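One structure is given here, and the rest of the page talks about it.
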Amino acid sequence: MFITNFHAHSRFDDGREDPESYIKAAVLKNFKVFGFSAHAPIPYDSGWNMKEEDFDLYIHTSRMLKEKYKDSIQIYTGLETDFFPGCTDWRNKRGIDYTIGAVHFLVNEETGAFMPVDGNRHEFEETLRSFGGDIHAFIRAYYGKVREMLLKMPPNIVAHLDVIRKNNSNNAYFSEDDEVYRNEVYNTLEIISLTHCIVEVNTGGISRGYVNTPYPSRWILEACLDMDIPIMVNSDTHHPDTIDFYFSEACEMLRSIGFRHQRILYDDEWRDVSLMP
Ligand SMILES: [Zn+2]
Ligand SMILES: [Zn+2]
């Protein structure tokens with residue numbers, strides 16, 4: 001099987017080690033392709049984005065590794081980009097092979113305040129408070145912003161689509177059976193199917209202990225298959241030890257839903273490759 005990962009954070013942003021240690025781990029585990037996706041610089045002090053002044057060195061480092069390891073593995077240089085009012089469009093920046101588009105935070109239009117979607121529980125509750133405690137308003141604002149990103153600045157890959165459930169274990173804030181929630185997700189999938197973006201199956205929330213299934217939930221992936229939306233398996237790793245965390249379980253789940261392929265960048269083209277073992 002093609003083992004690949006396009007979602008990885010290193011020392012350049014909020015990951016742990018040098019990029020090369022991820023490549024060494026990927027080669028040992030017989031990966032065919034590995035992509036780096038540092039959090040693109042933003043004008044907020046988020047604590048997790050790459051600094052603007054490190055951008056050129058990031059590109060250079062990834063390109064240098066691509067050349068050094070070209071006989072063992074294909075390496076691509078990506079960015080995980082944030083969508084917010086006035087954000088930079090990184091998609092055609094020199095040296096960038098692909099983008100993973102995310103909505104990690106909302107911006108309060110009146111105060112300009114930064115409101116995390118997938119922060120810790122305390123941050124989640126602060127954001128919910130800014131919606132007057134109305135979880136439906138929060139859910140609509142999140143998925144509405146994802147749809148706006150897809151329409152205005154469609155990335156190659158949509159990051160952790162339902163990351164708003166990160167703090168929702170035991171349905172602490174909402175049920176995924178809730179009609180408002182389901183409609184927001186379905187409306188978003190309709191836009192995704194028009195834009196030809198890939199939905200990533202992201203195991204990073206499991207490796208970091210927040211959730212016990214990949215993003216997005218199984219029922220969302222079933223809808224993706226029905227709507228012919230392509231998927232790819234990513235670990236959203238922050239350490240070389242977790243580059244393939246939960247991959248075998250995620251691929252097994254995808255096969256049980258009926259997926260036979262994932263879409264990846266290979267030989268510089270987006271291709272469907274087998275998910276079969
Ligand atoms: Zn993310
Ligand atoms: Zn990430």
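So you can find residues: chains in the structure tokens are A, B, ... in the order shown, residues in each start at 1, and ligands are numbered from 1 in order.
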Worksheet item: Could you list, as a ChimeraX atom specification, all the residues within 12 Å of ligand 2, counting only C-alpha atoms and all ligand atoms?
Response: /A:5-10,13-15,35-40,48-50,78-82,99-104,118,157-161,163,200-205,208,215,234-239
Would you write out those residues with N, CA and C atoms, as a tab-separated table (two decimals), in the first residue's frame?
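Saved the output as out_34.tsv:
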```tsv
chain	number	residue	atom	x	y	z
A	5	ASN	N	1.93	10.83	3.95
A	5	ASN	CA	1.37	11.80	4.88
A	5	ASN	C	1.72	13.19	4.37
A	6	PHE	N	0.73	14.06	4.33
A	6	PHE	CA	0.95	15.43	3.84
A	6	PHE	C	0.73	16.47	4.92
A	7	HIS	N	0.53	16.03	6.16
A	7	HIS	CA	0.21	16.98	7.23
A	7	HIS	C	1.19	16.76	8.38
A	8	ALA	N	2.23	17.63	8.45
A	8	ALA	CA	3.27	17.46	9.46
A	8	ALA	C	3.79	18.81	9.92
A	9	HIS	N	3.99	18.92	11.22
A	9	HIS	CA	4.52	20.14	11.85
A	9	HIS	C	5.87	19.83	12.49
A	10	SER	N	6.85	20.64	12.19
A	10	SER	CA	8.20	20.42	12.71
A	10	SER	C	8.60	21.59	13.60
A	13	ASP	N	7.34	25.32	13.25
A	13	ASP	CA	6.14	25.92	13.84
A	13	ASP	C	5.93	25.30	15.23
A	14	ASP	N	4.84	24.55	15.43
A	14	ASP	CA	4.63	24.03	16.78
A	14	ASP	C	4.95	22.55	16.91
A	15	GLY	N	5.70	21.98	15.93
A	15	GLY	CA	6.15	20.59	16.04
A	15	GLY	C	7.42	20.52	16.87
A	35	GLY	N	4.87	15.05	3.08
A	35	GLY	CA	4.73	16.49	2.87
A	35	GLY	C	4.78	17.24	4.18
A	36	PHE	N	5.47	18.37	4.19
A	36	PHE	CA	5.50	19.24	5.37
A	36	PHE	C	4.41	20.30	5.22
A	37	SER	N	3.77	20.61	6.33
A	37	SER	CA	2.67	21.60	6.27
A	37	SER	C	2.73	22.53	7.48
A	38	ALA	N	3.79	23.32	7.56
A	38	ALA	CA	3.91	24.27	8.67
A	38	ALA	C	2.71	25.21	8.68
A	39	HIS	N	2.31	25.65	9.86
A	39	HIS	CA	1.25	26.65	9.96
A	39	HIS	C	1.78	27.95	9.34
A	40	ALA	N	1.11	28.43	8.29
A	40	ALA	CA	1.56	29.65	7.61
A	40	ALA	C	1.56	30.83	8.58
A	48	TRP	N	1.36	29.04	17.68
A	48	TRP	CA	1.62	27.84	16.87
A	48	TRP	C	2.00	28.13	15.42
A	49	ASN	N	1.87	29.36	14.94
A	49	ASN	CA	2.21	29.63	13.54
A	49	ASN	C	3.70	29.86	13.35
A	50	MET	N	4.18	29.53	12.15
A	50	MET	CA	5.57	29.80	11.77
A	50	MET	C	5.77	31.31	11.71
A	78	GLY	N	4.38	21.96	1.74
A	78	GLY	CA	3.05	22.55	1.85
A	78	GLY	C	2.97	23.54	2.98
A	79	LEU	N	1.76	24.07	3.16
A	79	LEU	CA	1.46	24.95	4.30
A	79	LEU	C	0.07	24.60	4.79
A	80	GLU	N	-0.12	24.66	6.10
A	80	GLU	CA	-1.47	24.63	6.64
A	80	GLU	C	-1.85	26.10	6.83
A	81	THR	N	-2.83	26.55	6.06
A	81	THR	CA	-3.14	27.98	6.03
A	81	THR	C	-4.40	28.27	6.85
A	82	ASP	N	-4.44	29.45	7.45
A	82	ASP	CA	-5.61	29.89	8.20
A	82	ASP	C	-6.43	30.81	7.34
A	99	THR	N	-1.61	23.46	-0.39
A	99	THR	CA	-2.06	24.03	0.89
A	99	THR	C	-3.15	23.16	1.51
A	100	ILE	N	-3.14	23.15	2.83
A	100	ILE	CA	-4.20	22.52	3.62
A	100	ILE	C	-4.93	23.67	4.30
A	101	GLY	N	-6.18	23.90	3.92
A	101	GLY	CA	-6.89	25.07	4.44
A	101	GLY	C	-7.64	24.74	5.72
A	102	ALA	N	-7.48	25.61	6.72
A	102	ALA	CA	-8.10	25.37	8.03
A	102	ALA	C	-8.78	26.62	8.57
A	103	VAL	N	-9.79	26.40	9.40
A	103	VAL	CA	-10.34	27.48	10.21
A	103	VAL	C	-10.09	27.06	11.67
A	104	HIS	N	-9.00	27.58	12.24
A	104	HIS	CA	-8.65	27.28	13.63
A	104	HIS	C	-9.24	28.31	14.59
A	118	ASP	N	-10.51	25.34	18.05
A	118	ASP	CA	-9.99	24.04	18.50
A	118	ASP	C	-8.92	24.24	19.58
A	157	ILE	N	-6.48	20.83	0.04
A	157	ILE	CA	-6.95	19.87	1.04
A	157	ILE	C	-7.69	20.65	2.13
A	158	VAL	N	-8.82	20.12	2.60
A	158	VAL	CA	-9.54	20.75	3.70
A	158	VAL	C	-9.09	20.09	5.01
A	159	ALA	N	-8.59	20.91	5.93
A	159	ALA	CA	-8.05	20.37	7.20
A	159	ALA	C	-9.17	19.95	8.14
A	160	HIS	N	-8.93	18.85	8.87
A	160	HIS	CA	-9.79	18.41	10.01
A	160	HIS	C	-11.16	19.09	10.00
A	161	LEU	N	-12.01	18.66	9.07
A	161	LEU	CA	-13.28	19.36	8.76
A	161	LEU	C	-14.15	19.61	9.99
A	163	VAL	N	-13.31	19.77	13.26
A	163	VAL	CA	-12.45	19.99	14.43
A	163	VAL	C	-13.21	20.70	15.57
A	200	GLU	N	-9.30	15.67	4.22
A	200	GLU	CA	-8.33	14.81	4.89
A	200	GLU	C	-9.00	14.04	6.02
A	201	VAL	N	-8.51	12.81	6.21
A	201	VAL	CA	-8.91	11.99	7.35
A	201	VAL	C	-7.76	12.13	8.34
A	202	ASN	N	-7.99	12.90	9.39
A	202	ASN	CA	-6.91	13.41	10.23
A	202	ASN	C	-6.88	12.66	11.56
A	203	THR	N	-5.77	11.94	11.81
A	203	THR	CA	-5.66	11.14	13.04
A	203	THR	C	-4.96	11.91	14.18
A	204	GLY	N	-4.64	13.18	13.96
A	204	GLY	CA	-3.85	13.93	14.94
A	204	GLY	C	-4.56	14.17	16.26
A	205	GLY	N	-5.90	14.27	16.22
A	205	GLY	CA	-6.64	14.49	17.47
A	205	GLY	C	-6.60	13.27	18.37
A	208	ARG	N	-3.01	12.98	20.05
A	208	ARG	CA	-2.83	13.96	21.11
A	208	ARG	C	-3.89	13.84	22.21
A	215	TYR	N	-10.83	12.87	12.52
A	215	TYR	CA	-11.68	13.90	11.90
A	215	TYR	C	-11.72	13.58	10.41
A	234	ASN	N	-4.12	11.57	6.76
A	234	ASN	CA	-3.01	12.38	7.28
A	234	ASN	C	-2.90	12.23	8.79
A	235	SER	N	-1.66	12.35	9.30
A	235	SER	CA	-1.48	12.18	10.75
A	235	SER	C	-1.42	13.51	11.50
A	236	ASP	N	-1.28	14.63	10.79
A	236	ASP	CA	-1.16	15.93	11.48
A	236	ASP	C	-0.12	15.80	12.60
A	237	THR	N	0.99	15.15	12.26
A	237	THR	CA	1.97	14.81	13.28
A	237	THR	C	2.76	16.03	13.74
A	238	HIS	N	3.09	16.04	15.02
A	238	HIS	CA	3.94	17.09	15.59
A	238	HIS	C	5.26	16.50	16.08
A	239	HIS	N	5.48	15.20	15.79
A	239	HIS	CA	6.70	14.51	16.23
A	239	HIS	C	6.99	13.35	15.27
```
Item to complete: Could you give me the residues within stretch 118-210 of chain A that DSSP places in strand (DSSP E or B), as a VMD selection string?
Response: chain A and resid 157 to 158 198 to 202
Worksheet entry | Neighbour list for stretch 69-75 of chain A as a list in words, cut-off 9 Å, only C-alpha atoms, skip fewer than 4 positions in-chain |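 Listing them by chain and then by number gives Ile23, Ala26, Val27, Asn30, Phe31, Lys32, Val33, Phe34, Gly35, Phe36, Ser62, Arg63, Met64, Leu65, Tyr266 and Asp267 of chain A.
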Worksheet entry | A:Leu28 environment, 12 Å, only C-alpha atoms, sequence neighbours closer than 6 positions dropped, as a PyMOL selection string | chain A and resi 3+21-22+72-73+240-241+243-244
Residues within 12 Å of A:Ala172, please, as a tab-separated table (two decimals) with C-alpha atoms, in the first residue's frame. Count only C-alpha atoms; anything in the same chain fewer than 4 positions from it doesn't count.
```
chain	number	residue	atom	x	y	z
A	121	ARG	CA	-11.69	23.54	26.84
A	124	PHE	CA	-13.59	26.80	23.63
A	125	GLU	CA	-15.89	28.03	26.40
A	135	ILE	CA	-23.77	26.61	20.42
A	164	ILE	CA	-15.17	21.94	16.28
A	165	ARG	CA	-15.92	18.62	18.03
A	166	LYS	CA	-12.46	18.49	19.61
A	167	ASN	CA	-13.81	19.38	23.07
A	168	ASN	CA	-17.15	17.63	22.52
A	176	GLU	CA	-23.87	15.28	15.89
```
Discussion item. Which residue is closest to A:Asn120? Choose from A:Phe83, A:Trp90, A:Tyr143, A:Tyr210 and count only C-alpha atoms.
Written reply: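 Under the stated criterion, the closest residue is A:Tyr210.
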Worksheet item: Taking the backbone alone, and naming residues the way the document does, which bits of stretch 109-270 of chain A are helix (DSSP H, G or I) by DSSP, as an NGL selection string?
Response: :A and (121-130 or 135-152 or 163-165 or 169-171 or 179-195 or 204-207 or 218-226 or 240-242 or 247-257)
Practice prompt. List the neighbours of A:Ala113 out to 10 Å using only C-alpha atoms; skip same-chain residues closer than 6 positions along the sequence, and give me the result as a list in words.
Written response: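 In the requested form, the answer reads Phe105, Leu106, Val107, Thr127 and Ser130 of chain A.
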Given the selection you just returned, output its residues as a file containing C-alpha atoms, formatted as a PDB file, in the first residue's frame.
```
ATOM      1  CA  PHE A 105     -10.142  30.516  14.916  1.00  0.00           C
ATOM      2  CA  LEU A 106     -12.867  33.038  14.214  1.00  0.00           C
ATOM      3  CA  VAL A 107     -12.400  36.785  14.469  1.00  0.00           C
ATOM      4  CA  THR A 127     -15.431  31.440  22.262  1.00  0.00           C
ATOM      5  CA  SER A 130     -18.757  35.332  22.766  1.00  0.00           C
TER       6      SER A 130
END
```
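Between atom CA of A:Tyr186 and atom CA of A:Asn212 there is a distance of 22.4 Å.
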Item to complete: Determine the nearest neighbour of ligand 1 from the options A:Pro116, A:His136, A:Lys68, A:Phe174, counting only C-alpha atoms and all ligand atoms.
Response: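 Among the listed residues, A:Pro116 lies closest to ligand 1.
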Worksheet item: Smallest atom-to-atom distance to ligand 1: which of A:Lys152, A:Asp54, A:Gly119, A:Asn92, using only C-alpha atoms and all ligand atoms?
Response: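 Going through A:Lys152, A:Asp54, A:Gly119, A:Asn92 one by one, the smallest distance to ligand 1 is for A:Gly119.
One distance worth recording is that between atom CA of A:Glu17 and atom CA of A:Thr61, which is 13.1 Å.
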Worksheet item: Which is closest to ligand 1 among A:His122, A:Glu109, A:Pro19, A:Val117, if we use only C-alpha atoms and all ligand atoms?
Response: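 The closest residue to ligand 1 is A:Val117.
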Worksheet entry | Best match for closeness to ligand 1 among A:Glu249, A:Asp162, A:Asp272, A:Glu179, counting only C-alpha atoms and all ligand atoms |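 Using only C-alpha atoms and all ligand atoms, the shortest distance to ligand 1 belongs to A:Asp162.
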Worksheet entry | Point-to-point distance from atom CA of A:Glu184 to atom CA of A:Val146, Å rounded to tenths |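 Here the two named atoms are 10.2 Å from each other.
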